[in-house]
Amino acid sequence: LRLRRIVRENHSSTIAQLALLFYRPGDQDAKDEEAGHSRKHGTGGIAQYERSFEKRGGVLRGPEDNSNLLGTVGHVQANIYDNENCGDHLDIMSHYQLDHDAAAVFHTCCWVHSSDDALFAIAGEDKLVHIISLAWSREIRALRGHTDTIVDLQPHPADHSLLASVSKDGSVRIWSVLNGSCLCVYSCDATACRFHPDGKFLFTGSPSGEVRRWPVPS
C-alpha cells in the first residue's frame, strides 16, 4: 500500500465496510466499575460521549482520543475521514490504494487501538491483513497466512494487540498486531466473527446459519 498525495473525495465504487474508532482514554461504563468489572478497553462508553469545544468551535481532545476517525474500504482503496471537525461534511485525512497492477478488492476493515497511534486494519481478496499507521501515514505490517479472500476483521475488546480475521479458506485466525504472528487458527467455514465483550470467547457465523463459540487462548 502507498499513501496517495492527490486524494479522491470518494471511492467512486461500492463501499464494502465502514468503521468508527470509538476508543477514548478512560472510556468506561461507571456501572461496570461499580459492579467490580475491570473493563479497561475503552470501547463501551458511547453513552458518555461528552464534548468540549474551543472558541472557534473545534473539538477539544487529548492526544490519545481518536474517536473522530471514520475509516472506509471499497474496491482497491481505503479512506480515513475526520468525522467531527469539518462542519456538515467529512474531511478526508488519508487515502491508501493498492499498487496499480493489483486487482484485489478490499472487503473489510476495523480499528485497532494503540497507546501512541491509531491503527487501521484492512483486508480482502489479496489474502493479507494490512495494518496502516496513522501516525506514520503508511502500512507498517502485513499479516500473512490466509490462502483465500478475507471477509471479516474484528479487534479484541480487551487486549489491543489482538485481531481476528475470517477467510473463505475455511479458517478464522487470531493475530498479534504487534509482531504479525498468528496465535491460533480455528478450522471452520465462517462468514463473520465477533468477540465476547470480556474477550474470552470468539463467536463465528457460518453460511449455513450455524453460530459457534470458541475459547480464546489466554
# chains A, B, ... in the order shown; residues from 1 in each chain; ligands from 1
>>> select_by_dssp(residues="range 68-195 of chain A", states="strand (DSSP E or B)", output="PyMOL selection string")
chain A and resi 69-74+77-82+91-97+106-114+117-124+129-133+138-143+150-155+162-167+171-176+182-187+192-195
>>> residues_around(residues="range 194-205 of chain A", least_positions_apart="6", cutoff="7 Å", atoms="only C-alpha atoms", output="PDB file with all heavy atoms, in the first residue's frame")
ATOM      1  N   GLN A 154     -12.071  -8.295  13.190  1.00  0.00           N
ATOM      2  CA  GLN A 154     -12.615  -7.811  14.447  1.00  0.00           C
ATOM      3  C   GLN A 154     -11.489  -7.625  15.459  1.00  0.00           C
ATOM      4  O   GLN A 154     -10.662  -8.525  15.650  1.00  0.00           O
ATOM      5  CB  GLN A 154     -13.636  -8.804  15.022  1.00  0.00           C
ATOM      6  CG  GLN A 154     -14.914  -8.927  14.227  1.00  0.00           C
ATOM      7  CD  GLN A 154     -15.731  -7.642  14.212  1.00  0.00           C
ATOM      8  OE1 GLN A 154     -15.691  -6.858  15.164  1.00  0.00           O
ATOM      9  NE2 GLN A 154     -16.480  -7.427  13.146  1.00  0.00           N
ATOM     10  N   HIS A 156      -9.858  -7.314  19.270  1.00  0.00           N
ATOM     11  CA  HIS A 156     -10.143  -7.857  20.594  1.00  0.00           C
ATOM     12  C   HIS A 156     -10.597  -6.726  21.504  1.00  0.00           C
ATOM     13  O   HIS A 156     -10.016  -5.638  21.481  1.00  0.00           O
ATOM     14  CB  HIS A 156      -8.886  -8.532  21.155  1.00  0.00           C
ATOM     15  CG  HIS A 156      -9.138  -9.401  22.343  1.00  0.00           C
ATOM     16  ND1 HIS A 156      -9.307  -8.887  23.609  1.00  0.00           N
ATOM     17  CD2 HIS A 156      -9.255 -10.748  22.455  1.00  0.00           C
ATOM     18  CE1 HIS A 156      -9.511  -9.877  24.452  1.00  0.00           C
ATOM     19  NE2 HIS A 156      -9.476 -11.022  23.792  1.00  0.00           N
ATOM     20  N   PRO A 157     -11.648  -6.927  22.321  1.00  0.00           N
ATOM     21  CA  PRO A 157     -12.196  -5.828  23.127  1.00  0.00           C
ATOM     22  C   PRO A 157     -11.347  -5.444  24.332  1.00  0.00           C
ATOM     23  O   PRO A 157     -11.510  -4.346  24.869  1.00  0.00           O
ATOM     24  CB  PRO A 157     -13.553  -6.377  23.586  1.00  0.00           C
ATOM     25  CG  PRO A 157     -13.362  -7.848  23.606  1.00  0.00           C
ATOM     26  CD  PRO A 157     -12.449  -8.158  22.453  1.00  0.00           C
ATOM     27  N   ALA A 158     -10.446  -6.330  24.766  1.00  0.00           N
ATOM     28  CA  ALA A 158      -9.649  -6.041  25.962  1.00  0.00           C
ATOM     29  C   ALA A 158      -8.164  -5.960  25.675  1.00  0.00           C
ATOM     30  O   ALA A 158      -7.476  -5.092  26.197  1.00  0.00           O
ATOM     31  CB  ALA A 158      -9.917  -7.103  27.035  1.00  0.00           C
ATOM     32  N   VAL A 211     -23.998 -20.831  14.447  1.00  0.00           N
ATOM     33  CA  VAL A 211     -23.179 -19.965  15.283  1.00  0.00           C
ATOM     34  C   VAL A 211     -22.377 -20.833  16.242  1.00  0.00           C
ATOM     35  O   VAL A 211     -22.932 -21.697  16.922  1.00  0.00           O
ATOM     36  CB  VAL A 211     -24.032 -18.957  16.086  1.00  0.00           C
ATOM     37  CG1 VAL A 211     -23.155 -18.125  17.015  1.00  0.00           C
ATOM     38  CG2 VAL A 211     -24.804 -18.042  15.142  1.00  0.00           C
ATOM     39  N   ARG A 212     -21.080 -20.615  16.277  1.00  0.00           N
ATOM     40  CA  ARG A 212     -20.207 -21.381  17.163  1.00  0.00           C
ATOM     41  C   ARG A 212     -19.484 -20.448  18.136  1.00  0.00           C
ATOM     42  O   ARG A 212     -19.210 -19.299  17.807  1.00  0.00           O
ATOM     43  CB  ARG A 212     -19.165 -22.174  16.371  1.00  0.00           C
ATOM     44  CG  ARG A 212     -19.742 -23.290  15.510  1.00  0.00           C
ATOM     45  CD  ARG A 212     -18.611 -24.108  14.893  1.00  0.00           C
ATOM     46  NE  ARG A 212     -19.113 -25.195  14.074  1.00  0.00           N
ATOM     47  CZ  ARG A 212     -18.336 -26.115  13.506  1.00  0.00           C
ATOM     48  NH1 ARG A 212     -17.004 -26.055  13.683  1.00  0.00           N
ATOM     49  NH2 ARG A 212     -18.851 -27.078  12.775  1.00  0.00           N
ATOM     50  N   ARG A 213     -19.169 -20.989  19.309  1.00  0.00           N
ATOM     51  CA  ARG A 213     -18.407 -20.259  20.301  1.00  0.00           C
ATOM     52  C   ARG A 213     -17.071 -20.956  20.517  1.00  0.00           C
ATOM     53  O   ARG A 213     -17.006 -22.158  20.749  1.00  0.00           O
ATOM     54  CB  ARG A 213     -19.149 -20.178  21.630  1.00  0.00           C
ATOM     55  CG  ARG A 213     -18.477 -19.260  22.644  1.00  0.00           C
ATOM     56  CD  ARG A 213     -19.226 -19.219  23.959  1.00  0.00           C
ATOM     57  NE  ARG A 213     -19.030 -20.430  24.744  1.00  0.00           N
ATOM     58  CZ  ARG A 213     -19.356 -20.558  26.026  1.00  0.00           C
ATOM     59  NH1 ARG A 213     -19.925 -19.531  26.651  1.00  0.00           N
ATOM     60  NH2 ARG A 213     -19.159 -21.677  26.662  1.00  0.00           N
ATOM     61  N   TRP A 214     -15.983 -20.178  20.408  1.00  0.00           N
ATOM     62  CA  TRP A 214     -14.641 -20.728  20.530  1.00  0.00           C
ATOM     63  C   TRP A 214     -13.922 -20.048  21.693  1.00  0.00           C
ATOM     64  O   TRP A 214     -14.020 -18.841  21.875  1.00  0.00           O
ATOM     65  CB  TRP A 214     -13.832 -20.458  19.252  1.00  0.00           C
ATOM     66  CG  TRP A 214     -14.507 -20.899  17.989  1.00  0.00           C
ATOM     67  CD1 TRP A 214     -15.426 -20.193  17.263  1.00  0.00           C
ATOM     68  CD2 TRP A 214     -14.305 -22.125  17.279  1.00  0.00           C
ATOM     69  NE1 TRP A 214     -15.810 -20.910  16.147  1.00  0.00           N
ATOM     70  CE2 TRP A 214     -15.134 -22.098  16.141  1.00  0.00           C
ATOM     71  CE3 TRP A 214     -13.485 -23.244  17.500  1.00  0.00           C
ATOM     72  CZ2 TRP A 214     -15.177 -23.145  15.220  1.00  0.00           C
ATOM     73  CZ3 TRP A 214     -13.527 -24.281  16.588  1.00  0.00           C
ATOM     74  CH2 TRP A 214     -14.373 -24.237  15.459  1.00  0.00           C
ATOM     75  N   PRO A 215     -13.148 -20.835  22.481  1.00  0.00           N
ATOM     76  CA  PRO A 215     -12.349 -20.205  23.538  1.00  0.00           C
ATOM     77  C   PRO A 215     -11.164 -19.461  22.942  1.00  0.00           C
ATOM     78  O   PRO A 215     -10.557 -19.910  21.962  1.00  0.00           O
ATOM     79  CB  PRO A 215     -11.892 -21.394  24.388  1.00  0.00           C
ATOM     80  CG  PRO A 215     -11.871 -22.544  23.425  1.00  0.00           C
ATOM     81  CD  PRO A 215     -13.014 -22.304  22.462  1.00  0.00           C
ATOM     82  N   VAL A 216     -10.854 -18.312  23.523  1.00  0.00           N
ATOM     83  CA  VAL A 216      -9.701 -17.535  23.080  1.00  0.00           C
ATOM     84  C   VAL A 216      -8.541 -17.842  24.015  1.00  0.00           C
ATOM     85  O   VAL A 216      -8.669 -17.694  25.231  1.00  0.00           O
ATOM     86  CB  VAL A 216     -10.024 -16.033  23.101  1.00  0.00           C
ATOM     87  CG1 VAL A 216      -8.774 -15.208  22.756  1.00  0.00           C
ATOM     88  CG2 VAL A 216     -11.144 -15.716  22.122  1.00  0.00           C
TER      89      VAL A 216
END
>>> residues_around(residues="Asn79 in chain A", least_positions_apart="4", cutoff="8 Å", atoms="only C-alpha atoms", output="PyMOL selection string")
chain A and resi 10-11+71-73+92-96
